[in-house]
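Structure first, then comments.
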Amino acid sequence: MSEPHVTLDPRDPVQEKLRRPLEDQLTSALQAAADRVRDGYAGEPVEQVCQRLLDETRAGLHPDIAAGFEPDMDEFCRVAVAIVRGEST
């Protein structure tokens with residue numbers, strides 16, 4: 001499975017200007033969260049793992065960025081399923 005990655009909407013001019021550094025920061029936070037969740041996984045259901053991924057990702061971001069972060073939950077759930085199945089993300 002590929003590494004989890006966050007993508008921003010390129011049609012928004014502000015997002016376009018900040019897209020690369022912000023995507024890198026969000027992706028890094030998601031990857032770190034996936035590692036922590038995988039390391040602490042103890043048989044929880046996918047929904048709980050998905051929520052924990054979101055919580056851990058937001059915890060790894062600046063509070064202002066975390067407050068505005070509305071991720072693609074399909075991506076988070078895909079990563080959660082991989083963790084539950086024991087696959088690497």
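Just remember, in the structure tokens the first chain shown is A, the second B, etc., residues are 1-based per chain, and ligands are 1-based in the order shown.
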- Task: Enumerate as a VMD selection string all residues of chain A assigned to helix (DSSP H, G or I) by DSSP on the backbone, naming them with the chain letters and numbers the document uses.
- Result: chain A and resid 13 to 39 46 to 59 63 to 68 73 to 85
- Query: Any idea what's packed within 12 Å of Leu61 of chain A, counting only C-alpha atoms, ignoring anything in its chain fewer than 6 positions away? Could you give it as a PyMOL selection string?
  - Reply: chain A and resi 22-30+32-33+54-55+67-69
- Query: So how far away is atom CA of Thr57 of chain A from atom CA of Gln31 of chain A, in Å?
  - Reply: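 Atom CA of Thr57 of chain A lies at a distance of 8.2 Å from atom CA of Gln31 of chain A.
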- Task: Compare A:Val84, A:Gly60, A:Val6, A:Pro45 by their minimum atom-to-atom distance to Pro21 of chain A, counting only C-alpha atoms, and give me the closest one.
- Result: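 Among A:Val84, A:Gly60, A:Val6, A:Pro45, it is A:Val6 that comes nearest to Pro21 of chain A.
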- Query: If we count only C-alpha atoms, what is near Ala80 of chain A at a cut-off of 12 Å, once residues fewer than 4 positions away on the same chain are taken out, given as a PyMOL selection string?
  - Reply: chain A and resi 4+30-31+33-38+41+43-54+73-76+84-89
